[in-house]
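Student: What follows is the file run_21.cif, containing mmCIF, C-alpha atoms and all ligand atoms:
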data_target
#
loop_
_atom_site.label_atom_id
_atom_site.label_comp_id
_atom_site.auth_asym_id
_atom_site.auth_seq_id
_atom_site.Cartn_x
_atom_site.Cartn_y
_atom_site.Cartn_z
CA MET A 1 108.32 75.87 117.52
CA ILE A 2 105.44 77.54 115.72
CA ASN A 3 106.51 80.34 113.41
CA ASP A 4 104.38 82.27 110.91
CA LEU A 5 104.97 79.73 108.18
CA ASN A 6 104.01 76.78 110.37
CA LEU A 7 100.99 78.68 111.60
CA ALA A 8 99.82 79.36 108.04
CA GLN A 9 100.23 75.70 107.19
CA ILE A 10 98.37 74.57 110.28
CA LYS A 11 95.53 77.01 109.49
CA MET A 12 95.33 75.65 105.96
CA LYS A 13 95.12 72.07 107.20
CA ILE A 14 92.42 72.97 109.73
CA ASP A 15 90.51 74.77 106.95
CA LEU A 16 90.68 71.68 104.78
CA PHE A 17 89.55 69.55 107.68
CA LEU A 18 86.60 71.86 108.24
CA ILE A 19 85.68 71.77 104.54
CA HIS A 20 85.61 67.97 104.68
CA LYS A 21 83.61 68.09 107.88
CA SER A 22 80.99 70.46 106.52
CA SER A 23 80.64 68.47 103.31
CA ILE A 24 79.92 65.36 105.39
CA ILE A 25 77.39 67.22 107.54
CA ASN A 26 75.68 68.73 104.46
CA SER A 27 75.46 65.36 102.76
CA TYR A 28 74.08 63.90 105.99
CA ASN A 29 71.48 66.66 106.36
CA ASN A 30 70.46 66.32 102.73
CA GLN A 31 70.11 62.60 103.30
CA GLN A 32 72.64 61.83 100.60
CA TYR A 33 74.13 58.94 102.51
CA LYS A 34 72.37 55.86 101.26
CA THR A 35 73.72 53.65 104.02
CA GLN A 36 75.20 54.03 107.47
CA LYS A 37 78.31 52.31 106.13
CA ALA A 38 78.89 55.10 103.58
CA LEU A 39 78.63 57.70 106.32
CA VAL A 40 81.06 55.84 108.56
CA LYS A 41 83.47 55.56 105.63
CA SER A 42 83.42 59.32 105.08
CA CYS A 43 83.96 59.96 108.78
CA ASN A 44 86.90 57.59 108.80
CA LYS A 45 88.42 59.46 105.88
CA LEU A 46 87.96 62.71 107.75
CA THR A 47 89.71 61.29 110.80
CA SER A 48 92.57 60.18 108.62
CA VAL A 49 92.98 63.75 107.32
CA LEU A 50 93.74 64.85 110.86
CA CYS A 51 95.72 61.81 111.95
CA ASN A 52 97.82 61.30 108.87
CA TRP A 53 98.62 64.70 107.63
CA ARG A 54 102.20 64.86 108.85
CA GLU A 55 103.76 61.68 107.55
CA ASN A 56 101.79 61.63 104.35
CA MET A 57 103.86 63.24 101.72
CA GLY A 58 102.67 65.77 99.21
CA LYS A 59 102.04 64.87 95.60
CA LEU A 60 101.58 66.48 92.22
CA VAL A 61 97.98 66.34 91.03
CA ASP A 62 97.31 67.55 87.50
CA GLY A 63 100.59 69.44 87.68
CA SER A 64 99.92 71.21 91.01
CA TRP A 65 101.65 70.45 94.27
CA VAL A 66 99.20 69.30 96.96
CA GLU A 67 100.28 68.68 100.52
CA GLY A 68 99.60 65.76 102.78
CA SER A 69 96.84 63.20 102.74
CA ILE A 70 94.14 65.57 101.55
CA ILE A 71 94.31 64.05 98.09
CA SER A 72 93.74 60.52 99.19
CA SER A 73 90.89 61.72 101.37
CA ASP A 74 88.95 63.93 99.00
CA GLY A 75 86.81 61.13 97.64
CA LYS A 76 87.08 62.54 94.14
CA GLY A 77 89.20 59.81 92.70
CA ALA A 78 92.63 61.29 93.23
CA TYR A 79 93.71 58.19 95.06
CA ALA A 80 92.63 55.96 92.23
CA ARG A 81 94.46 58.07 89.65
CA ILE A 82 97.22 56.05 88.12
CA PRO A 83 100.43 57.78 89.15
CA ARG A 84 102.76 58.66 86.32
CA SER A 85 106.02 56.81 86.44
CA PHE A 86 108.94 56.79 84.09
CA ARG A 87 110.26 53.39 83.12
CA GLU A 88 112.40 53.88 80.03
CA THR A 89 115.82 52.43 79.47
CA ILE A 90 119.04 53.55 77.82
CA SER A 91 120.80 51.49 75.18
CA GLN A 92 122.53 51.67 71.81
CA ASP A 93 119.40 50.14 70.24
CA HIS A 94 116.94 52.50 71.90
CA ALA A 95 115.25 54.89 69.47
CA VAL A 96 115.68 57.88 71.80
CA TYR A 97 117.86 57.20 74.83
CA LYS A 98 121.39 56.38 73.67
CA PRO A 99 124.33 56.06 76.05
CA GLN A 100 126.18 59.38 75.71
CA SER A 101 128.61 61.07 78.03
CA GLY A 102 127.20 64.13 79.80
CA ARG A 103 123.66 63.56 78.52
CA TYR A 104 122.04 62.21 81.71
CA HIS A 105 121.64 63.67 85.18
CA LEU A 106 120.82 61.94 88.45
CA TYR A 107 118.71 63.58 91.16
CA VAL A 108 119.29 61.95 94.54
CA SER A 109 119.03 62.29 98.28
CA TYR A 110 121.94 60.96 100.33
CA ALA A 111 119.36 59.96 102.92
CA CYS A 112 117.31 57.78 100.61
CA PRO A 113 118.25 54.09 100.50
CA TRP A 114 116.81 53.72 96.97
CA ALA A 115 118.85 56.62 95.66
CA HIS A 116 121.88 55.29 97.53
CA ARG A 117 121.93 52.21 95.26
CA THR A 118 122.17 54.38 92.17
CA LEU A 119 125.07 56.37 93.63
CA ILE A 120 126.91 53.15 94.48
CA TYR A 121 126.48 51.93 90.90
CA ARG A 122 127.53 55.27 89.45
CA ALA A 123 130.80 54.95 91.33
CA LEU A 124 131.34 51.21 90.77
CA LYS A 125 130.79 51.59 87.04
CA ASN A 126 133.05 54.69 86.71
CA LEU A 127 130.16 56.86 85.61
CA GLN A 128 131.09 59.94 87.63
CA ASP A 129 132.55 61.72 84.59
CA HIS A 130 129.57 60.84 82.43
CA ILE A 131 126.50 61.31 84.64
CA THR A 132 126.13 64.49 86.66
CA VAL A 133 124.32 64.65 90.03
CA SER A 134 122.19 67.04 92.10
CA VAL A 135 121.59 66.28 95.79
CA VAL A 136 118.47 67.49 97.64
CA HIS A 137 118.45 68.85 101.20
CA PRO A 138 117.84 66.04 103.74
CA ASP A 139 114.61 67.52 105.16
CA MET A 140 111.50 66.36 103.36
CA LEU A 141 108.69 68.52 104.72
CA ASP A 142 105.51 70.08 103.38
CA ASN A 143 107.03 70.96 100.03
CA GLY A 144 108.63 67.56 99.62
CA TRP A 145 112.30 67.43 98.66
CA VAL A 146 113.90 70.84 98.14
CA PHE A 147 117.21 72.18 96.85
CA ASP A 148 119.14 74.10 99.46
CA ASP A 149 122.89 73.76 99.63
CA SER A 150 123.16 75.24 103.13
CA PHE A 151 123.35 71.67 104.46
CA LYS A 152 126.79 70.19 103.80
CA GLY A 153 126.71 67.82 100.83
CA ALA A 154 123.39 69.10 99.46
CA THR A 155 123.56 70.99 96.15
CA GLN A 156 121.54 73.37 94.05
CA ASP A 157 119.53 71.91 91.19
CA HIS A 158 122.43 72.00 88.74
CA LEU A 159 120.19 71.83 85.67
CA PHE A 160 117.36 74.30 86.32
CA ASN A 161 118.12 75.96 89.63
CA ASN A 162 114.70 74.84 90.86
CA LYS A 163 113.77 75.33 94.49
CA HIS A 164 111.66 72.16 94.72
CA LEU A 165 112.12 68.68 93.31
CA TYR A 166 108.48 68.66 92.21
CA GLU A 167 109.39 71.32 89.64
CA VAL A 168 111.60 68.75 87.92
CA TYR A 169 108.55 66.49 87.52
CA GLN A 170 106.50 69.46 86.31
CA GLN A 171 109.19 70.15 83.73
CA ALA A 172 108.94 66.57 82.50
CA GLN A 173 105.16 66.88 82.13
CA PRO A 174 103.30 70.05 83.11
CA ASP A 175 100.00 68.34 83.98
CA ILE A 176 101.57 65.37 85.74
CA SER A 177 99.96 63.45 88.61
CA THR A 178 102.61 61.64 90.59
CA SER A 179 104.40 61.27 93.86
CA VAL A 180 107.69 63.14 93.84
CA THR A 181 110.46 60.72 94.61
CA VAL A 182 114.21 60.34 94.29
CA PRO A 183 116.11 58.95 92.48
CA ILE A 184 115.38 60.46 89.07
CA LEU A 185 117.41 59.82 85.95
CA TRP A 186 116.96 62.88 83.73
CA ASP A 187 117.72 63.26 80.02
CA LYS A 188 119.15 66.71 79.20
CA GLN A 189 118.55 66.20 75.48
CA THR A 190 114.80 65.48 75.45
CA ASN A 191 114.21 67.30 78.74
CA THR A 192 112.38 64.55 80.49
CA ILE A 193 112.75 61.78 83.05
CA VAL A 194 114.08 58.54 81.63
CA ASN A 195 113.46 56.45 84.72
CA ASN A 196 112.60 57.04 88.39
CA GLU A 197 112.72 53.48 89.67
CA SER A 198 116.01 52.67 91.37
CA SER A 199 115.93 48.94 90.66
CA GLU A 200 115.81 49.75 86.94
CA ILE A 201 118.29 52.63 87.03
CA ILE A 202 120.93 50.32 88.52
CA ARG A 203 120.35 47.76 85.74
CA ILE A 204 120.84 50.57 83.19
CA PHE A 205 124.07 51.61 84.90
CA ASN A 206 125.23 47.99 85.04
CA THR A 207 125.55 47.68 81.27
CA ALA A 208 124.41 50.66 79.17
CA PHE A 209 127.56 52.76 79.36
CA ASN A 210 130.15 49.94 79.16
CA ASP A 211 131.48 51.11 75.80
CA LEU A 212 132.04 54.61 77.15
CA THR A 213 133.76 53.60 80.36
CA ASN A 214 135.35 50.31 79.33
CA ASN A 215 134.08 49.05 82.66
CA THR A 216 132.56 45.64 82.01
CA GLU A 217 132.06 44.58 85.63
CA ASP A 218 128.72 42.80 85.75
CA TYR A 219 126.85 42.88 89.06
CA TYR A 220 123.93 40.87 87.62
CA PRO A 221 125.67 38.03 85.76
CA LYS A 222 123.48 35.62 83.89
CA HIS A 223 124.46 32.51 85.86
CA LEU A 224 123.57 34.14 89.20
CA GLN A 225 120.37 35.91 88.18
CA THR A 226 117.92 33.41 89.64
CA GLN A 227 119.63 33.46 93.03
CA ILE A 228 119.93 37.26 92.99
CA ASP A 229 116.26 37.68 92.03
CA GLU A 230 115.12 35.38 94.82
CA LEU A 231 117.12 37.19 97.46
CA ASN A 232 116.12 40.60 96.09
CA GLU A 233 112.48 39.76 96.54
CA GLU A 234 112.79 38.66 100.16
CA ILE A 235 115.15 41.53 101.00
CA TYR A 236 112.85 44.08 99.37
CA ASN A 237 109.72 42.85 101.14
CA ASN A 238 111.14 42.21 104.58
CA LEU A 239 114.06 44.64 104.84
CA ASN A 240 114.29 47.48 102.28
CA ASN A 241 110.56 48.08 102.48
CA GLY A 242 110.04 46.11 105.71
CA VAL A 243 111.71 48.79 107.83
CA TYR A 244 109.23 51.38 106.49
CA ARG A 245 106.26 49.08 107.05
CA THR A 246 107.46 48.55 110.61
CA GLY A 247 108.13 52.22 111.28
CA PHE A 248 104.92 53.56 109.76
CA ALA A 249 102.63 50.89 111.25
CA LYS A 250 99.61 52.44 112.93
CA THR A 251 98.40 49.34 114.75
CA GLN A 252 100.15 46.76 116.89
CA GLN A 253 98.97 44.14 114.45
CA SER A 254 100.54 45.76 111.40
CA TYR A 255 103.73 46.47 113.36
CA ASP A 256 103.98 42.81 114.41
CA ALA A 257 103.26 41.66 110.88
CA ALA A 258 106.19 43.71 109.58
CA VAL A 259 108.76 43.39 112.36
CA LYS A 260 108.68 39.61 112.70
CA PRO A 261 109.61 38.75 109.09
CA LEU A 262 112.14 41.58 109.21
CA PHE A 263 114.19 39.88 111.96
CA LYS A 264 113.57 36.46 110.47
CA THR A 265 115.23 37.63 107.27
CA LEU A 266 118.11 39.27 109.14
CA ASP A 267 118.65 35.99 111.09
CA LYS A 268 118.59 34.07 107.83
CA LEU A 269 121.07 36.38 106.12
CA ASP A 270 123.39 36.26 109.12
CA LYS A 271 123.50 32.47 108.76
CA LEU A 272 123.90 32.69 105.00
CA LEU A 273 126.93 34.94 105.44
CA ASP A 274 128.70 32.60 107.83
CA GLY A 275 132.18 32.20 106.33
CA LYS A 276 131.15 34.25 103.28
CA ASP A 277 131.81 37.82 102.16
CA PHE A 278 128.94 38.18 99.70
CA LEU A 279 125.33 37.04 99.49
CA VAL A 280 125.55 35.23 96.15
CA GLY A 281 128.66 33.55 94.78
CA ASP A 282 131.99 34.95 95.89
CA THR A 283 131.89 38.44 94.42
CA LEU A 284 129.88 41.58 94.91
CA THR A 285 126.49 41.42 93.15
CA GLU A 286 123.33 43.44 92.83
CA ALA A 287 121.90 41.57 95.83
CA ASP A 288 124.62 43.04 98.10
CA ILE A 289 124.25 46.51 96.64
CA ARG A 290 120.49 46.48 97.23
CA LEU A 291 120.92 45.28 100.81
CA VAL A 292 123.75 47.45 102.09
CA PRO A 293 121.94 50.85 102.05
CA THR A 294 119.36 49.37 104.45
CA LEU A 295 122.02 47.85 106.72
CA LEU A 296 123.98 51.10 106.89
CA ARG A 297 120.86 52.96 108.09
CA PHE A 298 119.70 50.27 110.48
CA ASP A 299 121.40 50.94 113.82
CA LEU A 300 121.46 54.71 113.43
CA VAL A 301 117.88 55.15 112.35
CA TYR A 302 115.64 52.13 111.87
CA TYR A 303 116.50 50.54 115.23
CA VAL A 304 115.31 53.63 117.13
CA HIS A 305 113.11 55.69 114.84
CA PHE A 306 111.23 52.80 113.15
CA LYS A 307 111.21 50.55 116.26
CA CYS A 308 113.15 47.77 114.51
CA SER A 309 114.63 47.11 117.88
CA GLN A 310 114.94 43.41 118.51
CA LYS A 311 118.62 43.55 117.58
CA ARG A 312 121.12 45.92 116.02
CA ILE A 313 123.19 44.96 112.99
CA ALA A 314 126.15 45.34 115.36
CA ASP A 315 124.73 42.39 117.33
CA TYR A 316 124.86 40.06 114.33
CA LYS A 317 128.26 38.40 113.98
CA ASN A 318 128.25 37.93 110.21
CA LEU A 319 126.00 40.78 109.08
CA SER A 320 128.09 43.26 111.05
CA ARG A 321 131.38 42.01 109.57
CA TYR A 322 129.82 41.98 106.11
CA THR A 323 128.47 45.54 106.40
CA LYS A 324 131.75 46.85 107.81
CA ASN A 325 133.68 45.23 104.95
CA LEU A 326 131.36 46.56 102.28
CA TYR A 327 131.55 50.01 103.84
CA GLN A 328 135.29 49.95 103.19
CA LEU A 329 134.68 49.95 99.42
CA ASP A 330 135.21 53.48 98.07
CA ALA A 331 132.03 53.31 96.00
CA ILE A 332 130.00 52.62 99.14
CA LYS A 333 131.87 54.75 101.66
CA ASN A 334 131.94 57.84 99.42
CA SER A 335 128.23 57.60 98.65
CA THR A 336 127.21 57.16 102.30
CA ASN A 337 126.45 60.36 104.16
CA PHE A 338 125.42 59.59 107.76
CA GLU A 339 124.62 63.25 108.50
CA HIS A 340 122.03 63.37 105.71
CA ILE A 341 120.65 60.01 106.80
CA LYS A 342 120.15 61.00 110.46
CA ARG A 343 118.83 64.45 109.67
CA HIS A 344 116.34 63.24 107.09
CA TYR A 345 114.58 60.58 109.13
CA TYR A 346 114.57 62.24 112.54
CA PHE A 347 113.47 65.60 111.08
CA SER A 348 111.05 64.58 108.36
CA HIS A 349 108.66 62.25 110.20
CA GLU A 350 107.13 64.56 112.76
CA SER A 351 104.40 62.14 113.82
CA ILE A 352 107.01 59.59 114.87
CA ASN A 353 109.47 62.05 116.36
CA PRO A 354 107.58 65.30 117.06
CA TYR A 355 110.45 67.07 118.82
CA ARG A 356 112.97 66.11 116.12
CA ILE A 357 115.47 64.86 118.66
CA VAL A 358 118.39 63.16 116.93
CA PRO A 359 119.48 60.42 119.32
CA PHE A 360 123.06 60.03 120.48
CA ILE A 361 124.13 56.70 118.96
CA ALA A 362 127.60 55.35 118.30
CA ASN A 363 128.18 54.73 114.62
CA PHE A 364 129.47 51.19 114.58
CA PHE A 365 130.33 51.27 110.87
CA GLU A 366 132.70 54.19 111.25
CA GLU A 367 134.68 52.53 114.04
CA THR A 368 137.87 50.96 112.84
N1 LIG B 401 110.43 52.57 94.06
C1 LIG B 401 111.17 53.80 94.14
C2 LIG B 401 111.00 54.39 95.54
C3 LIG B 401 111.69 55.73 95.70
C4 LIG B 401 111.25 56.41 97.00
O1 LIG B 401 110.26 56.04 97.63
N2 LIG B 401 112.00 57.43 97.40
C5 LIG B 401 111.64 58.16 98.61
C6 LIG B 401 112.86 58.61 99.38
S1 LIG B 401 113.63 57.36 100.28
C7 LIG B 401 110.92 59.42 98.23
O2 LIG B 401 111.42 60.22 97.44
N3 LIG B 401 109.73 59.64 98.81
C8 LIG B 401 108.95 60.80 98.60
C9 LIG B 401 107.48 60.47 98.42
O3 LIG B 401 107.12 59.29 98.41
O4 LIG B 401 106.71 61.42 98.29
C10 LIG B 401 112.62 53.51 93.85
O5 LIG B 401 113.12 52.46 94.29
O6 LIG B 401 113.26 54.30 93.16
#
Represent the structure from my file as structure tokens, please.
Ligand SMILES: N[C@@H](CCC(=O)N[C@@H](CS)C(=O)NCC(=O)O)C(=O)O
Tutor:
Amino acid sequence: MINDLNLAQIKMKIDLFLIHKSSIINSYNNQQYKTQKALVKSCNKLTSVLCNWRENMGKLVDGSWVEGSIISSDGKGAYARIPRSFRETISQDHAVYKPQSGRYHLYVSYACPWAHRTLIYRALKNLQDHITVSVVHPDMLDNGWVFDDSFKGATQDHLFNNKHLYEVYQQAQPDISTSVTVPILWDKQTNTIVNNESSEIIRIFNTAFNDLTNNTEDYYPKHLQTQIDELNEEIYNNLNNGVYRTGFAKTQQSYDAAVKPLFKTLDKLDKLLDGKDFLVGDTLTEADIRLVPTLLRFDLVYYVHFKCSQKRIADYKNLSRYTKNLYQLDAIKNSTNFEHIKRHYYFSHESINPYRIVPFIANFFEET
């Protein structure tokens, strides 16, 4: 439904489109295009402004929030700008970031599979009393992630009472250029982001706070690291990220190129799990914790919304047993919020699901 807000946003996007269009026409009239190829390139960019605007997320550019794909289409180098990322660690030996109770804060979305890993680790490593959490609203629309606790499970920004997640990034660095993603590990003492890369946050959680919690469980033990790393790589490329590449494909060719290895890897893992409860060795490891958020979203969302529809996880004998078993762990069950998951995907990607219909699907993992 078009309300005043939507209408204003649509008008703005059309204005931007027209600005691009007139700059192309002016350059053409002034004979600034040296080659036909350069002209075609500009026209293609213009088309992408119109075609891509909905699923392209906003970004911060020089500290200001900019919506949609306009940035990557403005031809002024924004796309080439190296995005700021935060890749620090926490340890006793670190000059700044020491493991201290109550010092760090995690910003997450329950919908996000990358953030889900960090919540699982926070619970497995008994960090709930030491690391506080804010949860964004599941809808990620023109303003990116927002804080609005009217949706059950979502919270306010407990640290700053911000309305938008991008304000957290602005607080870390006022002139920042970056995409605005969850999860974020925030340091209350230096008022900045320590790390916003989930694969590194979980490694921090795995060991950094052991002296505080007396929890020495190691989900990345030395003797299994090579095997875990190998599986992580295939699972990241073909599953964790593979579902997005499949769902956001804009040509049959790119869809095929993503969906085929996706099911090849699922077939392979189903075989690997025959008679086994875990991917590597006989205990829970990082490889399982990085895989399970994707499996838990698969039948409810990826199968339908991202057209990953050759098979459901429920159709795989071993993968379905494995996922159901892992879901019984408190750390996984309590950090899984199916309402946030469904709402986020079916509402946030308007170009894939313009009417925002949430399909009626049985939730296999909640059946007993
Ligand atoms: N590599 C990052 C990826 C995080 C990520 O892409 N998060 C998504 C949510 S599932 C996000 O916040 N996207 C917003 C955007 O890209 O603008 C990680 O693993 O932490």
Student: Find the residues around A:Glu286 up to 9 Å (all atoms listed in the file counted), leave out those fewer than 3 positions away in its own chain, and share them as a VMD selection string.
Tutor: chain A and resid 202 to 203 218 to 220 228 232 289 to 291
Student: Can I get the residues close to ligand LIG 401 (chain B) as a PDB file with C-alpha atoms, in the frame of the given file, where close means within 8 Å and we count all atoms listed in the file?
Tutor:
ATOM      1  CA  ASN A  56     101.790  61.630 104.350  1.00  0.00           C
ATOM      2  CA  MET A  57     103.860  63.240 101.720  1.00  0.00           C
ATOM      3  CA  GLY A  58     102.670  65.770  99.210  1.00  0.00           C
ATOM      4  CA  LYS A  59     102.040  64.870  95.600  1.00  0.00           C
ATOM      5  CA  SER A 109     119.030  62.290  98.280  1.00  0.00           C
ATOM      6  CA  ALA A 111     119.360  59.960 102.920  1.00  0.00           C
ATOM      7  CA  CYS A 112     117.310  57.780 100.610  1.00  0.00           C
ATOM      8  CA  PRO A 113     118.250  54.090 100.500  1.00  0.00           C
ATOM      9  CA  TRP A 114     116.810  53.720  96.970  1.00  0.00           C
ATOM     10  CA  ALA A 115     118.850  56.620  95.660  1.00  0.00           C
ATOM     11  CA  MET A 140     111.500  66.360 103.360  1.00  0.00           C
ATOM     12  CA  GLY A 144     108.630  67.560  99.620  1.00  0.00           C
ATOM     13  CA  TRP A 145     112.300  67.430  98.660  1.00  0.00           C
ATOM     14  CA  SER A 179     104.400  61.270  93.860  1.00  0.00           C
ATOM     15  CA  VAL A 180     107.690  63.140  93.840  1.00  0.00           C
ATOM     16  CA  THR A 181     110.460  60.720  94.610  1.00  0.00           C
ATOM     17  CA  VAL A 182     114.210  60.340  94.290  1.00  0.00           C
ATOM     18  CA  PRO A 183     116.110  58.950  92.480  1.00  0.00           C
ATOM     19  CA  ILE A 184     115.380  60.460  89.070  1.00  0.00           C
ATOM     20  CA  ASN A 196     112.600  57.040  88.390  1.00  0.00           C
ATOM     21  CA  GLU A 197     112.720  53.480  89.670  1.00  0.00           C
ATOM     22  CA  SER A 198     116.010  52.670  91.370  1.00  0.00           C
ATOM     23  CA  SER A 199     115.930  48.940  90.660  1.00  0.00           C
TER      24      SER A 199
END
Student: Select, from A:Thr118, A:His305, A:Leu165, A:Val259, the residue with the minimum atom-to-atom distance to A:Val358, counting all atoms listed in the file.
Tutor: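 Among A:Thr118, A:His305, A:Leu165, A:Val259, it is A:His305 that comes nearest to A:Val358.
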Student: If we count all atoms listed in the file and set the cut-off at 12 Å, which residues sit around A:Ala257, ignoring sequence neighbours fewer than 3 positions away in its own chain? Please answer as a ChimeraX atom specification.
Tutor: /A:237-238,242-243,245-247,249-254,260-264
Student: So, counting only C-alpha atoms, which residue among A:Phe347, A:Tyr316, A:Phe306, A:Tyr110 is closest to A:Phe248?
Tutor: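 Nearest to A:Phe248: A:Phe306.
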Student: Considering all atoms listed in the file, state which residue in the set A:Leu224, A:Val96, A:Ile131, A:Ala154 is at the smallest distance from A:Gln189.
Tutor: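 Looking only at the distances to A:Gln189, the closest residue turns out to be A:Val96.
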Student: Please indicate the distance in Å from atom CA of A:Tyr345 to atom CA of A:Phe298, rounded to one decimal place.
Tutor: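 Those two atoms sit 11.6 Å apart.
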Student: Using all atoms listed in the file, determine which residues lie at most 8 Å from stretch 175-178 of chain A, disregarding the query and same-chain residues fewer than 3 positions distant; provide the list as an mmCIF file with C-alpha atoms, keeping the file's coordinate frame.
Tutor:
data_model
loop_
_atom_site.group_PDB
_atom_site.id
_atom_site.type_symbol
_atom_site.label_atom_id
_atom_site.label_comp_id
_atom_site.auth_asym_id
_atom_site.auth_seq_id
_atom_site.Cartn_x
_atom_site.Cartn_y
_atom_site.Cartn_z
ATOM 1 C CA LYS A 59 102.040 64.870 95.600
ATOM 2 C CA LEU A 60 101.580 66.480 92.220
ATOM 3 C CA VAL A 61 97.980 66.340 91.030
ATOM 4 C CA ASP A 62 97.310 67.550 87.500
ATOM 5 C CA GLY A 63 100.590 69.440 87.680
ATOM 6 C CA SER A 64 99.920 71.210 91.010
ATOM 7 C CA ARG A 81 94.460 58.070 89.650
ATOM 8 C CA ILE A 82 97.220 56.050 88.120
ATOM 9 C CA PRO A 83 100.430 57.780 89.150
ATOM 10 C CA ARG A 84 102.760 58.660 86.320
ATOM 11 C CA SER A 85 106.020 56.810 86.440
ATOM 12 C CA TYR A 169 108.550 66.490 87.520
ATOM 13 C CA GLN A 170 106.500 69.460 86.310
#
Student: Using only C-alpha atoms, which of the listed residues (A:Leu284, A:Leu279, A:Ile235, A:Arg312) sits closest to A:Leu329?
Tutor: A:Leu284
Student: Find the distance between atom CA of A:Asp270 and atom CA of A:Asn337 and write it in Å to one decimal.
Tutor: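 Atom-to-atom, atom CA of A:Asp270 to atom CA of A:Asn337, that is 24.8 Å.
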Student: Which one is closest to A:Thr190: A:Gln173, A:Ser351, A:Asp315, A:Ser309? Count all atoms listed in the file.
Tutor: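 Comparing A:Gln173, A:Ser351, A:Asp315, A:Ser309 against A:Thr190, the winner is A:Gln173.
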Student: Compare A:Val292, A:Val133, A:Leu212, A:Ala287 by their minimum atom-to-atom distance to A:Ser101, counting all atoms listed in the file, and give me the closest one.
Tutor: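 Looking at the shortest contact to A:Ser101, the residue is A:Leu212.
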Student: Work out how far atom CA of A:Asp157 is from atom CA of A:His349, in Å to one decimal.
Tutor: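 Going from atom CA of A:His349 over to atom CA of A:Asp157, I get 23.9 Å.
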Student: Which residues are near A:Ala172? Cut-off 8 Å, only C-alpha atoms, ignore same chain within fewer than 2 positions. Put them as a ChimeraX atom specification.
Tutor: /A:168-170,174,191-193
Student: Do you know which residues are at most 10 Å from A:Lys98 counting all atoms listed in the file, after dropping those on the same chain fewer than 6 positions away, and could you put them as a list in words?
Tutor: Thr89, Ile90, Ser91, Gln92, Tyr104, Ala208 and Phe209 of chain A
Student: What residues have an atom no more than 6 Å from (122.7, 53.9, 114.9) in the file's own frame, counting all atoms listed in the file, and can you write them as a VMD selection string?
Tutor: chain A and resid 299 to 301 361 363
Student: Counting all atoms listed in the file, which residues come within 8 Å of (108.9, 54.6, 78.9), with the point read in the file's coordinates, and could you list them as a ChimeraX atom specification?
Tutor: /A:86-89,194-195
Student: Write only C-alpha atoms for stretch 228-240 of chain A from the block just shown, as a CSV table (one decimal), in the first residue's frame.
Tutor:
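Output file out-v1.csv is given in full below:
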chain,number,residue,atom,x,y,z
A,228,ILE,CA,36.9,-27.5,10.6
A,229,ASP,CA,38.5,-24.9,8.3
A,230,GLU,CA,38.0,-27.1,5.2
A,231,LEU,CA,34.3,-27.6,6.0
A,232,ASN,CA,33.8,-24.0,6.9
A,233,GLU,CA,35.0,-22.9,3.5
A,234,GLU,CA,32.7,-25.2,1.5
A,235,ILE,CA,29.8,-24.5,3.8
A,236,TYR,CA,30.3,-20.7,3.6
A,237,ASN,CA,30.6,-20.6,-0.2
A,238,ASN,CA,27.8,-23.1,-1.0
A,239,LEU,CA,25.4,-22.8,1.9
A,240,ASN,CA,25.7,-19.9,4.3
